[in-house]
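Enquirer: File data27.cif follows (mmCIF, C-alpha atoms and all ligand atoms):
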data_entry
loop_
_atom_site.label_atom_id
_atom_site.label_comp_id
_atom_site.auth_asym_id
_atom_site.auth_seq_id
_atom_site.Cartn_x
_atom_site.Cartn_y
_atom_site.Cartn_z
CA MET A 1 66.42 -244.82 -79.02
CA SER A 2 62.80 -243.94 -78.31
CA ALA A 3 61.45 -240.71 -79.76
CA ALA A 4 60.89 -239.41 -76.21
CA ARG A 5 64.56 -239.92 -75.37
CA SER A 6 65.64 -238.16 -78.57
CA ILE A 7 63.29 -235.28 -77.79
CA LEU A 8 64.62 -235.00 -74.24
CA LYS A 9 68.08 -234.34 -75.62
CA TYR A 10 66.72 -231.08 -76.97
CA TYR A 11 64.94 -230.13 -73.73
CA PRO A 12 67.06 -227.29 -72.39
CA PHE A 13 65.62 -227.10 -68.88
CA GLY A 14 66.37 -230.75 -68.11
CA ARG A 15 69.97 -230.13 -69.09
CA LEU A 16 70.03 -226.96 -67.00
CA SER A 17 68.81 -228.90 -63.95
CA GLN A 18 71.57 -231.44 -64.50
CA LEU A 19 74.14 -228.67 -64.66
CA LEU A 20 72.98 -226.66 -61.65
CA ASP A 21 70.87 -228.67 -59.26
CA GLY A 22 73.79 -230.39 -57.56
CA HIS A 23 75.17 -226.99 -56.56
CA ALA A 24 73.85 -224.67 -53.87
CA PRO A 25 72.92 -221.27 -55.30
CA GLY A 26 75.01 -218.33 -54.15
CA ASP A 27 73.50 -215.24 -52.58
CA PRO A 28 72.31 -212.73 -55.19
CA LYS A 29 72.82 -209.98 -52.56
CA ILE A 30 69.79 -208.19 -53.89
CA ASP A 31 67.84 -206.29 -51.29
CA LEU A 32 64.42 -205.38 -52.64
CA PRO A 33 61.00 -205.19 -51.01
CA GLY A 34 58.99 -208.37 -51.61
CA LEU A 35 62.05 -210.44 -52.47
CA ALA A 36 63.10 -213.13 -49.97
CA LYS A 37 66.66 -212.47 -48.81
CA GLY A 38 69.14 -214.72 -50.60
CA ALA A 39 66.48 -216.24 -52.90
CA PRO A 40 67.83 -217.21 -56.34
CA VAL A 41 66.74 -215.10 -59.30
CA LEU A 42 65.35 -217.16 -62.17
CA LEU A 43 66.37 -215.57 -65.45
CA SER A 44 66.29 -218.85 -67.35
CA ILE A 45 62.62 -219.13 -68.29
CA GLY A 46 60.75 -216.78 -70.63
CA GLU A 47 57.71 -216.50 -68.41
CA PRO A 48 56.24 -213.00 -68.09
CA GLN A 49 56.16 -212.01 -64.42
CA ASP A 50 53.74 -209.12 -64.74
CA ALA A 51 50.12 -209.67 -63.73
CA PRO A 52 47.75 -210.31 -66.63
CA PRO A 53 45.08 -207.62 -67.14
CA PRO A 54 42.21 -207.99 -64.62
CA PHE A 55 39.58 -208.20 -67.37
CA ILE A 56 40.77 -211.74 -68.15
CA ALA A 57 39.44 -213.07 -64.84
CA GLU A 58 36.28 -210.96 -65.22
CA GLU A 59 35.49 -212.34 -68.67
CA MET A 60 36.20 -215.93 -67.58
CA ALA A 61 33.81 -215.50 -64.64
CA LYS A 62 31.08 -214.04 -66.85
CA ALA A 63 31.32 -217.03 -69.21
CA ALA A 64 31.61 -219.63 -66.42
CA ALA A 65 28.35 -221.40 -67.32
CA SER A 66 29.99 -222.68 -70.51
CA TRP A 67 32.64 -224.70 -68.63
CA SER A 68 30.14 -227.55 -68.95
CA ARG A 69 30.57 -227.56 -72.71
CA TYR A 70 33.38 -229.11 -74.73
CA PRO A 71 35.53 -226.49 -76.45
CA PRO A 72 34.37 -225.65 -79.99
CA ALA A 73 36.49 -227.23 -82.75
CA ARG A 74 37.76 -224.02 -84.34
CA GLY A 75 36.90 -221.32 -81.80
CA THR A 76 33.80 -219.15 -81.57
CA PRO A 77 32.87 -216.85 -84.48
CA GLU A 78 33.43 -213.91 -82.10
CA TYR A 79 36.97 -215.08 -81.28
CA LEU A 80 37.91 -215.80 -84.90
CA GLU A 81 36.55 -212.48 -86.13
CA THR A 82 38.32 -210.60 -83.33
CA CYS A 83 41.63 -212.26 -84.27
CA ALA A 84 41.12 -211.34 -87.94
CA ALA A 85 40.33 -207.73 -86.98
CA TRP A 86 43.48 -207.59 -84.84
CA LEU A 87 45.58 -208.96 -87.73
CA ASN A 88 44.10 -206.34 -90.06
CA ARG A 89 44.96 -203.55 -87.60
CA ARG A 90 48.39 -204.83 -86.63
CA TYR A 91 49.60 -205.58 -90.16
CA GLY A 92 47.50 -203.18 -92.24
CA LEU A 93 46.20 -206.05 -94.39
CA PRO A 94 44.00 -205.29 -97.40
CA PRO A 95 40.34 -206.08 -96.65
CA GLY A 96 39.44 -209.67 -97.49
CA THR A 97 42.95 -211.08 -97.00
CA ILE A 98 41.82 -213.14 -94.00
CA ASP A 99 38.62 -215.18 -93.99
CA PRO A 100 38.17 -215.93 -90.27
CA LYS A 101 36.00 -218.99 -90.95
CA THR A 102 38.52 -220.88 -93.06
CA MET A 103 41.89 -219.30 -92.28
CA ILE A 104 41.98 -219.05 -88.47
CA LEU A 105 42.03 -221.75 -85.82
CA ALA A 106 41.96 -221.08 -82.07
CA ILE A 107 44.83 -222.94 -80.39
CA PRO A 108 45.85 -223.08 -76.73
CA GLY A 109 49.21 -221.44 -77.47
CA SER A 110 51.80 -221.18 -80.18
CA ARG A 111 53.54 -224.23 -78.66
CA GLU A 112 50.62 -226.55 -79.38
CA GLY A 113 50.12 -225.08 -82.84
CA LEU A 114 53.79 -225.48 -83.72
CA PHE A 115 53.80 -229.06 -82.45
CA PHE A 116 50.65 -230.18 -84.25
CA ALA A 117 51.80 -228.43 -87.43
CA ALA A 118 54.67 -230.94 -87.67
CA LEU A 119 52.26 -233.87 -87.37
CA ALA A 120 49.96 -232.29 -89.95
CA ALA A 121 52.85 -231.71 -92.36
CA MET A 122 53.95 -235.33 -92.58
CA PRO A 123 53.34 -236.94 -95.95
CA GLU A 124 52.08 -240.49 -96.18
CA ARG A 125 55.44 -242.15 -96.27
CA ALA A 126 56.71 -243.72 -99.47
CA ALA A 127 58.53 -246.90 -98.42
CA ASN A 128 61.96 -246.00 -99.75
CA GLY A 129 61.69 -242.24 -100.17
CA PRO A 130 64.07 -239.84 -98.46
CA ALA A 131 63.22 -239.00 -94.83
CA PRO A 132 61.10 -235.85 -94.69
CA ALA A 133 63.13 -232.95 -93.33
CA MET A 134 62.02 -230.05 -91.14
CA LEU A 135 64.18 -226.94 -91.15
CA MET A 136 64.71 -224.87 -88.05
CA PRO A 137 66.99 -222.10 -86.87
CA ASN A 138 70.02 -223.13 -84.83
CA PRO A 139 69.68 -222.10 -81.98
CA CYS A 140 65.93 -222.29 -81.56
CA TYR A 141 62.93 -222.94 -79.31
CA HIS A 142 63.16 -226.61 -78.33
CA VAL A 143 59.61 -227.44 -79.47
CA TYR A 144 60.66 -227.24 -83.17
CA PRO A 145 63.07 -230.22 -83.05
CA GLY A 146 60.82 -231.98 -80.53
CA ALA A 147 57.85 -231.72 -82.87
CA ALA A 148 59.87 -232.86 -85.89
CA LEU A 149 61.13 -235.92 -84.01
CA ALA A 150 57.67 -236.76 -82.66
CA ALA A 151 56.33 -236.60 -86.21
CA GLY A 152 59.10 -238.88 -87.51
CA ALA A 153 60.88 -236.22 -89.56
CA GLU A 154 64.53 -235.28 -89.44
CA PRO A 155 65.22 -231.95 -87.73
CA VAL A 156 67.66 -229.95 -89.87
CA PRO A 157 69.29 -227.14 -87.86
CA VAL A 158 70.29 -224.14 -89.99
CA PRO A 159 72.78 -221.63 -88.52
CA ALA A 160 71.23 -218.45 -87.15
CA THR A 161 74.41 -216.76 -86.02
CA ARG A 162 75.95 -213.30 -86.03
CA ASP A 163 77.13 -214.00 -89.60
CA SER A 164 73.57 -214.62 -90.83
CA GLY A 165 72.04 -211.71 -88.90
CA HIS A 166 70.85 -214.19 -86.22
CA LEU A 167 68.22 -215.57 -88.62
CA PRO A 168 68.52 -218.76 -90.71
CA ASP A 169 69.15 -218.42 -94.45
CA TYR A 170 67.05 -221.28 -95.84
CA ALA A 171 67.52 -220.11 -99.44
CA ALA A 172 71.22 -220.94 -99.17
CA LEU A 173 70.57 -224.64 -98.52
CA PRO A 174 71.38 -227.21 -101.22
CA GLU A 175 68.49 -228.03 -103.57
CA ALA A 176 68.40 -231.64 -102.34
CA GLU A 177 67.80 -230.50 -98.76
CA LEU A 178 65.02 -228.16 -99.87
CA ALA A 179 63.48 -230.89 -102.01
CA ARG A 180 62.93 -233.21 -99.02
CA CYS A 181 61.77 -230.41 -96.74
CA VAL A 182 58.11 -230.67 -95.72
CA LEU A 183 58.08 -227.85 -93.19
CA ALA A 184 60.35 -224.99 -92.14
CA TYR A 185 60.06 -223.28 -88.76
CA TYR A 186 60.93 -219.62 -88.63
CA CYS A 187 60.75 -217.37 -85.57
CA THR A 188 60.51 -213.59 -85.75
CA PRO A 189 61.30 -211.82 -83.50
CA ALA A 190 63.57 -214.74 -82.73
CA ASN A 191 63.99 -216.56 -79.46
CA PRO A 192 66.77 -216.40 -78.25
CA GLN A 193 68.52 -213.71 -80.31
CA GLY A 194 65.72 -211.14 -80.65
CA ALA A 195 66.37 -210.50 -84.37
CA ALA A 196 63.32 -209.63 -86.49
CA ALA A 197 63.05 -210.42 -90.20
CA SER A 198 62.27 -207.66 -92.70
CA GLY A 199 59.22 -207.82 -94.95
CA ALA A 200 61.53 -208.53 -97.90
CA GLU A 201 63.11 -211.48 -96.10
CA LEU A 202 59.69 -212.91 -95.29
CA GLN A 203 58.58 -212.53 -98.89
CA LYS A 204 61.68 -214.39 -100.05
CA LEU A 205 60.88 -217.20 -97.64
CA ILE A 206 57.30 -217.53 -98.82
CA VAL A 207 58.46 -217.70 -102.43
CA LEU A 208 60.99 -220.39 -101.46
CA ALA A 209 58.32 -222.42 -99.61
CA ARG A 210 56.05 -222.30 -102.65
CA ARG A 211 58.83 -223.19 -105.06
CA HIS A 212 59.74 -226.30 -103.04
CA ASP A 213 56.22 -226.91 -101.78
CA PHE A 214 56.92 -227.00 -98.07
CA ILE A 215 54.96 -225.42 -95.24
CA LEU A 216 56.45 -222.24 -93.82
CA ALA A 217 55.49 -222.22 -90.11
CA VAL A 218 56.20 -218.75 -88.78
CA ASP A 219 56.29 -218.36 -85.00
CA GLU A 220 55.33 -214.75 -84.27
CA CYS A 221 54.56 -215.19 -80.57
CA TYR A 222 56.89 -212.25 -79.74
CA ALA A 223 55.39 -210.00 -82.42
CA GLU A 224 54.02 -207.55 -79.86
CA ILE A 225 57.15 -207.16 -77.74
CA TYR A 226 59.54 -204.92 -79.65
CA THR A 227 62.02 -202.14 -78.99
CA GLY A 228 61.69 -199.98 -82.14
CA ASP A 229 59.25 -200.20 -85.03
CA PRO A 230 56.72 -203.06 -85.02
CA PRO A 231 58.35 -206.12 -86.64
CA ALA A 232 57.05 -207.13 -90.08
CA GLY A 233 54.74 -210.14 -90.20
CA ALA A 234 54.52 -213.04 -92.63
CA LEU A 235 50.91 -212.12 -93.46
CA GLN A 236 52.03 -208.66 -94.56
CA ALA A 237 54.60 -210.34 -96.79
CA ALA A 238 51.94 -212.67 -98.21
CA ALA A 239 49.69 -209.67 -98.87
CA ALA A 240 52.53 -207.91 -100.71
CA LEU A 241 52.96 -211.01 -102.88
CA GLY A 242 49.31 -210.91 -103.97
CA GLY A 243 47.35 -212.03 -100.91
CA SER A 244 47.33 -215.83 -101.08
CA LEU A 245 48.27 -217.67 -97.89
CA ASP A 246 49.35 -220.82 -99.75
CA ASN A 247 52.05 -222.81 -97.90
CA LEU A 248 51.86 -220.46 -94.94
CA LEU A 249 50.97 -221.00 -91.28
CA VAL A 250 51.53 -218.22 -88.74
CA PHE A 251 51.24 -218.57 -84.96
CA HIS A 252 50.19 -215.90 -82.48
CA SER A 253 49.49 -216.07 -78.78
CA LEU A 254 48.42 -214.04 -75.76
CA SER A 255 51.18 -215.50 -73.60
CA LYS A 256 53.61 -212.64 -74.17
CA ARG A 257 51.30 -209.94 -75.54
CA SER A 258 49.00 -210.08 -72.50
CA SER A 259 51.38 -211.69 -69.96
CA ALA A 260 48.99 -214.64 -69.78
CA PRO A 261 50.91 -217.86 -70.57
CA GLY A 262 48.67 -219.81 -68.18
CA LEU A 263 45.53 -218.80 -70.08
CA ARG A 264 46.54 -221.00 -73.04
CA CYS A 265 44.99 -218.89 -75.74
CA GLY A 266 46.29 -218.11 -79.20
CA PHE A 267 45.55 -218.76 -82.85
CA ALA A 268 47.01 -220.10 -86.06
CA VAL A 269 46.31 -218.34 -89.34
CA GLY A 270 47.10 -219.64 -92.79
CA ALA A 271 45.97 -221.38 -95.96
CA PRO A 272 42.55 -223.07 -95.52
CA ASN A 273 43.89 -226.57 -96.33
CA LEU A 274 46.66 -226.22 -93.72
CA ILE A 275 44.29 -224.84 -91.09
CA ALA A 276 41.91 -227.75 -91.76
CA ALA A 277 44.76 -230.28 -91.34
CA LEU A 278 45.92 -228.58 -88.14
CA GLU A 279 42.37 -228.75 -86.81
CA VAL A 280 42.27 -232.52 -87.44
CA MET A 281 45.43 -232.95 -85.35
CA LEU A 282 44.20 -230.69 -82.58
CA ARG A 283 40.82 -232.44 -82.45
CA THR A 284 42.50 -235.83 -82.35
CA GLY A 285 45.26 -235.29 -79.82
CA GLY A 286 44.79 -231.92 -78.23
CA ALA A 287 42.38 -229.80 -76.31
CA GLY A 288 40.56 -227.00 -78.08
CA VAL A 289 40.31 -223.64 -76.37
CA PRO A 290 37.38 -223.59 -73.87
CA PHE A 291 34.50 -221.12 -74.26
CA PRO A 292 35.40 -218.95 -71.21
CA THR A 293 39.01 -218.71 -72.38
CA LEU A 294 37.86 -217.66 -75.85
CA ALA A 295 35.69 -214.94 -74.31
CA ALA A 296 38.62 -213.60 -72.28
CA GLY A 297 40.97 -214.03 -75.23
CA ALA A 298 38.72 -212.07 -77.59
CA ARG A 299 38.78 -209.17 -75.14
CA ALA A 300 42.58 -209.36 -74.89
CA TRP A 301 42.98 -209.17 -78.69
CA ARG A 302 40.65 -206.14 -78.74
CA GLU A 303 42.34 -204.16 -75.97
CA GLU A 304 45.66 -202.43 -76.50
CA ASP A 305 46.36 -200.44 -73.32
CA HIS A 306 47.78 -203.36 -71.37
CA VAL A 307 49.97 -204.30 -74.35
CA LEU A 308 51.40 -200.78 -74.57
CA ALA A 309 52.23 -200.92 -70.86
CA ASN A 310 53.85 -204.34 -71.27
CA ARG A 311 55.95 -203.22 -74.21
CA ALA A 312 57.07 -200.11 -72.31
CA ARG A 313 58.18 -202.25 -69.38
CA TYR A 314 60.29 -204.55 -71.57
CA ARG A 315 61.75 -201.53 -73.35
CA GLU A 316 62.77 -200.08 -70.00
CA ASN A 317 64.50 -203.36 -69.15
CA PHE A 318 66.49 -203.23 -72.39
CA GLU A 319 67.49 -199.64 -71.66
CA ILE A 320 68.71 -200.79 -68.26
CA ALA A 321 70.65 -203.60 -69.94
CA GLU A 322 72.22 -201.12 -72.33
CA ARG A 323 73.24 -198.88 -69.45
CA VAL A 324 74.61 -201.70 -67.28
CA LEU A 325 76.27 -203.83 -69.96
CA GLY A 326 77.27 -201.21 -72.55
CA ASN A 327 78.79 -203.12 -75.43
CA ARG A 328 80.19 -205.94 -73.31
CA TYR A 329 79.30 -209.57 -74.19
CA GLY A 330 78.39 -208.44 -77.72
CA PHE A 331 75.29 -206.77 -76.28
CA ARG A 332 72.98 -205.11 -78.77
CA LYS A 333 69.44 -204.08 -78.10
CA PRO A 334 67.30 -206.79 -79.75
CA ASP A 335 64.53 -205.94 -82.22
CA GLY A 336 62.01 -207.83 -80.11
CA GLY A 337 61.28 -210.49 -77.52
CA PHE A 338 62.54 -210.23 -73.96
CA PHE A 339 65.85 -212.08 -73.95
CA LEU A 340 69.48 -211.03 -73.81
CA TRP A 341 71.74 -213.24 -75.89
CA LEU A 342 75.17 -212.61 -74.43
CA ASP A 343 78.49 -213.81 -75.77
CA VAL A 344 80.34 -214.77 -72.60
CA GLY A 345 82.94 -217.08 -74.19
CA ASP A 346 81.74 -220.31 -72.54
CA GLY A 347 78.01 -220.25 -71.79
CA GLU A 348 77.92 -223.40 -69.68
CA ALA A 349 80.81 -222.28 -67.46
CA ALA A 350 79.25 -218.82 -67.09
CA ALA A 351 75.85 -220.29 -66.14
CA LEU A 352 77.48 -222.44 -63.46
CA THR A 353 79.49 -219.52 -62.07
CA LEU A 354 76.46 -217.21 -62.00
CA TRP A 355 74.46 -219.85 -60.14
CA ARG A 356 77.11 -220.81 -57.60
CA GLU A 357 78.39 -217.34 -56.90
CA ALA A 358 75.31 -215.18 -57.29
CA GLY A 359 72.19 -217.37 -57.37
CA LEU A 360 71.40 -216.16 -60.90
CA ARG A 361 69.89 -218.89 -63.08
CA VAL A 362 70.49 -218.37 -66.80
CA LEU A 363 70.38 -220.77 -69.74
CA PRO A 364 73.59 -221.82 -71.55
CA GLY A 365 73.09 -221.02 -75.23
CA ALA A 366 74.43 -224.44 -76.21
CA TYR A 367 71.28 -226.03 -74.74
CA MET A 368 69.16 -224.32 -77.41
CA ALA A 369 71.39 -225.39 -80.30
CA ARG A 370 73.01 -228.42 -81.95
CA PRO A 371 76.57 -228.78 -83.22
CA GLY A 372 76.83 -228.05 -86.96
CA PRO A 373 78.66 -230.28 -89.49
CA ASP A 374 81.90 -228.59 -88.32
CA GLY A 375 81.23 -229.90 -84.78
CA VAL A 376 80.75 -226.38 -83.44
CA ASN A 377 77.65 -225.61 -81.40
CA PRO A 378 76.64 -222.07 -82.43
CA GLY A 379 75.17 -221.38 -78.98
CA GLU A 380 78.25 -222.50 -77.07
CA ALA A 381 79.65 -219.05 -76.33
CA TYR A 382 76.31 -217.60 -75.21
CA ILE A 383 73.94 -217.39 -72.29
CA ARG A 384 70.28 -216.50 -72.62
CA VAL A 385 68.98 -214.13 -69.95
CA ALA A 386 65.20 -213.58 -69.69
CA LEU A 387 64.38 -210.01 -68.69
CA VAL A 388 60.93 -210.75 -67.34
CA TYR A 389 60.99 -208.89 -64.01
CA GLY A 390 60.40 -205.26 -63.10
CA PRO A 391 63.11 -202.63 -63.60
CA GLU A 392 64.56 -202.68 -60.04
CA LEU A 393 65.18 -206.43 -60.00
CA THR A 394 66.39 -206.37 -63.61
CA GLU A 395 68.95 -203.69 -62.83
CA ALA A 396 70.13 -205.38 -59.63
CA ALA A 397 70.42 -208.78 -61.35
CA LEU A 398 72.35 -207.38 -64.33
CA ASN A 399 74.70 -205.49 -62.04
CA ARG A 400 75.37 -208.73 -60.18
CA LEU A 401 75.83 -210.59 -63.47
CA SER A 402 78.45 -208.19 -64.74
CA GLU A 403 80.19 -208.13 -61.36
CA VAL A 404 80.51 -211.94 -61.30
CA LEU A 405 81.46 -212.56 -64.92
C1 LIG A 501 59.82 -219.01 -79.63
C2 LIG A 501 58.66 -219.47 -78.82
N1 LIG A 501 57.62 -220.00 -79.47
C3 LIG A 501 56.54 -220.44 -78.80
C4 LIG A 501 56.47 -220.37 -77.42
C5 LIG A 501 55.26 -220.93 -76.74
O1 LIG A 501 54.45 -219.97 -76.21
P1 LIG A 501 52.89 -220.19 -76.00
O2 LIG A 501 52.58 -221.62 -76.32
O3 LIG A 501 52.65 -219.88 -74.57
O4 LIG A 501 52.21 -219.26 -76.94
C6 LIG A 501 57.54 -219.82 -76.70
C7 LIG A 501 57.47 -219.77 -75.23
O5 LIG A 501 58.35 -219.50 -74.52
C8 LIG A 501 58.66 -219.36 -77.43
O6 LIG A 501 59.71 -218.83 -76.81
#
Could you spell out this file's structure in structure tokens?
Expert:
Amino acid sequence: MSAARSILKYYPFGRLSQLLDGHAPGDPKIDLPGLAKGAPVLLSIGEPQDAPPPFIAEEMAKAAASWSRYPPARGTPEYLETCAAWLNRRYGLPPGTIDPKTMILAIPGSREGLFFAALAAMPERAANGPAPAMLMPNPCYHVYPGAALAAGAEPVPVPATRDSGHLPDYAALPEAELARCVLAYYCTPANPQGAAASGAELQKLIVLARRHDFILAVDECYAEIYTGDPPAGALQAAAALGGSLDNLLVFHSLSKRSSAPGLRCGFAVGAPNLIAALEVMLRTGGAGVPFPTLAAGARAWREEDHVLANRARYRENFEIAERVLGNRYGFRKPDGGFFLWLDVGDGEAAALTLWREAGLRVLPGAYMARPGPDGVNPGEAYIRVALVYGPELTEAALNRLSEVL
């Protein structure tokens, strides 16, 4: 089978189209200003629906003359220094932990960084050696297995279920599995479950990565969307372990923080050798971040007001969910992110019913996961519901959801 066909098997939205597109959507019966009567409500995709802050367009316009230039390889010094300053503020890092010149790379988004990290992690293949493995939570964001397959590694799904606190326990894997691991993806706060790792857990992971010499690729793209205290970050954990970023790559993005997924602006931070390798991949097969985008992005990493407003809006949505759902479907307020991960018994059947009866499009949890060695798909019982709209539509949609299920 071609790599593209293998990757497609992990692509949840293709599978969702197959499940739903042959069926007419039901009427959501939601009557709100600005919403077309009877239009389906798309709760399947994690795309922020709030407008990005107006300064993004202003900064892009101011820098428009530089559209004629190719994007710089790493980012501009202003962008890299602004990202380092934000990291220092957000994670309280000791001065000198991050050298913006060697430890940060501008990337279009965490998706591109995560993908190219897999290519960069591949060893030159010994003819008869074991296949390199890449660990990932199960369920997870589909780009992790897609990237592993594109790189020619074996994706190894590790349960991230209620029993493991919705995060994968890589330390519990057999030594042989850890020995052939070249990269481990880790997401905190996690998509889809919303669980955030503690500083101690992140420290343990970094130690494990160093012991077995694999790259720990930590996806922190939801780091700014949280319901309680700010989630710990892998850089904080590295600082607590002495400050070295060896074996560590961390990914941040403005897509969720600034509701600007179309901007394509983020950064990777990590050990200089890993950042250099990632840059080679990005230069070879990707697009760097253009000058006007870097100018707008630098402003977005400096400003906090719009982020506070964003976070407050998602918090309000989770309060609505708590009020409407109570403790049904195993609901618990997530630590971060903007998804509900609801145990509905049979996620695929529930997604079909919600679509046909109420025009609500949600993602069956099974589409984000793979069956384990026991044949059980850990996402099977769940649906993922993206709470990306304003409070009125969120409340109306959740009321409809609980009415129909
Ligand atoms: C877990 C996770 N990682 C990465 C991304 C990619 O985001 P971006 O490339 O826009 O930063 C997403 C987007 O939905 C995501 O859910």
Enquirer: Do you know which residues are at most 6 Å from region 379-389 of chain A counting all atoms listed in the file, after dropping those on the same chain fewer than 3 positions away, and could you put them as a list in words?
Expert: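 Once the adjacent positions are removed, what remains is Leu43, Ser44, Gly46, Pro48, Gln49, Phe338, Phe339, Leu340, Trp341, Leu342, Asp343, Val344, Gly345, Asp346, Gly347, Val362, Leu363, Pro364, Gly365, Ala366, Ala369 and Thr394 of chain A.
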Enquirer: If you count all atoms listed in the file, which residues end up within 10 Å of ligand LIG 501 (chain A), as a ChimeraX atom specification?
Expert: /A:45-48,107-115,140-144,186-192,194,218-222,251-257,259-267,337-339
Enquirer: Grab the CA of Arg370 (chain A) to CA of Gly326 (chain A) distance for me, in Å with one decimal place.
Expert: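 Computed distance, CA of Arg370 (chain A) to CA of Gly326 (chain A), equals 29.1 Å.
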Enquirer: Pick out the closest residue to Val404 (chain A) from this set: A:Arg5, A:Lys29, A:Arg89, A:Arg69. Count only C-alpha atoms.
Expert: A:Lys29
Enquirer: Quick one: distance from CA of Pro145 (chain A) to CA of Trp355 (chain A) in Å, one decimal?
Expert: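 Going from CA of Pro145 (chain A) over to CA of Trp355 (chain A), I get 27.6 Å.
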Enquirer: For each of A:Leu32, A:Leu202, A:Ile7, A:Leu249, take the minimum atom-to-atom distance to Glu154 (chain A), counting all atoms listed in the file, then give the residue where this is smallest.
Expert: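 Once distances to Glu154 (chain A) are computed over all atoms listed in the file, the minimum belongs to A:Ile7.
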Enquirer: Taking into account only C-alpha atoms, which residue in the set A:Ala239, A:Ala51, A:Ala147, A:Ile225 is nearest to Leu8 (chain A)?
Expert: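 Of all the options, A:Ala147 lies closest to Leu8 (chain A).
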Enquirer: If we count only C-alpha atoms and set the cut-off at 12 Å, which residues sit around region 233-238 of chain A, ignoring sequence neighbours fewer than 5 positions away in its own chain? Please answer as a count of residues only.
Expert: 53
Enquirer: With distances taken over all atoms listed in the file, which residue among A:Glu124, A:Lys9, A:Leu393, A:Tyr79 lies nearest Leu149 (chain A)?
Expert: A:Lys9
Enquirer: Would you please work out which residue, of A:Gly336, A:Pro72, A:Gly372, A:Pro292, is nearest to Glu58 (chain A) when using only C-alpha atoms?
Expert: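 Selected residue with least distance to Glu58 (chain A): A:Pro292.
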Enquirer: Rounded to one decimal, what separation in Å do you get between CA of Ala85 (chain A) and CA of Arg302 (chain A)?
Expert: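 Answer for the CA of Ala85 (chain A) to CA of Arg302 (chain A) separation: 8.4 Å.
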Enquirer: Would you mind telling me which residue in A:Pro159, A:Gly96, A:Pro40, A:Pro77 lies nearest to Ala298 (chain A) when using all atoms listed in the file?
Expert: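 Closest residue, counting all atoms listed in the file: A:Pro77.
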Enquirer: What's the 9 Å shell around Arg400 (chain A), counting all atoms listed in the file, without same-chain residues fewer than 5 positions away, as a VMD selection string?
Expert: chain A and resid 28 to 30 354 358 360 395 405
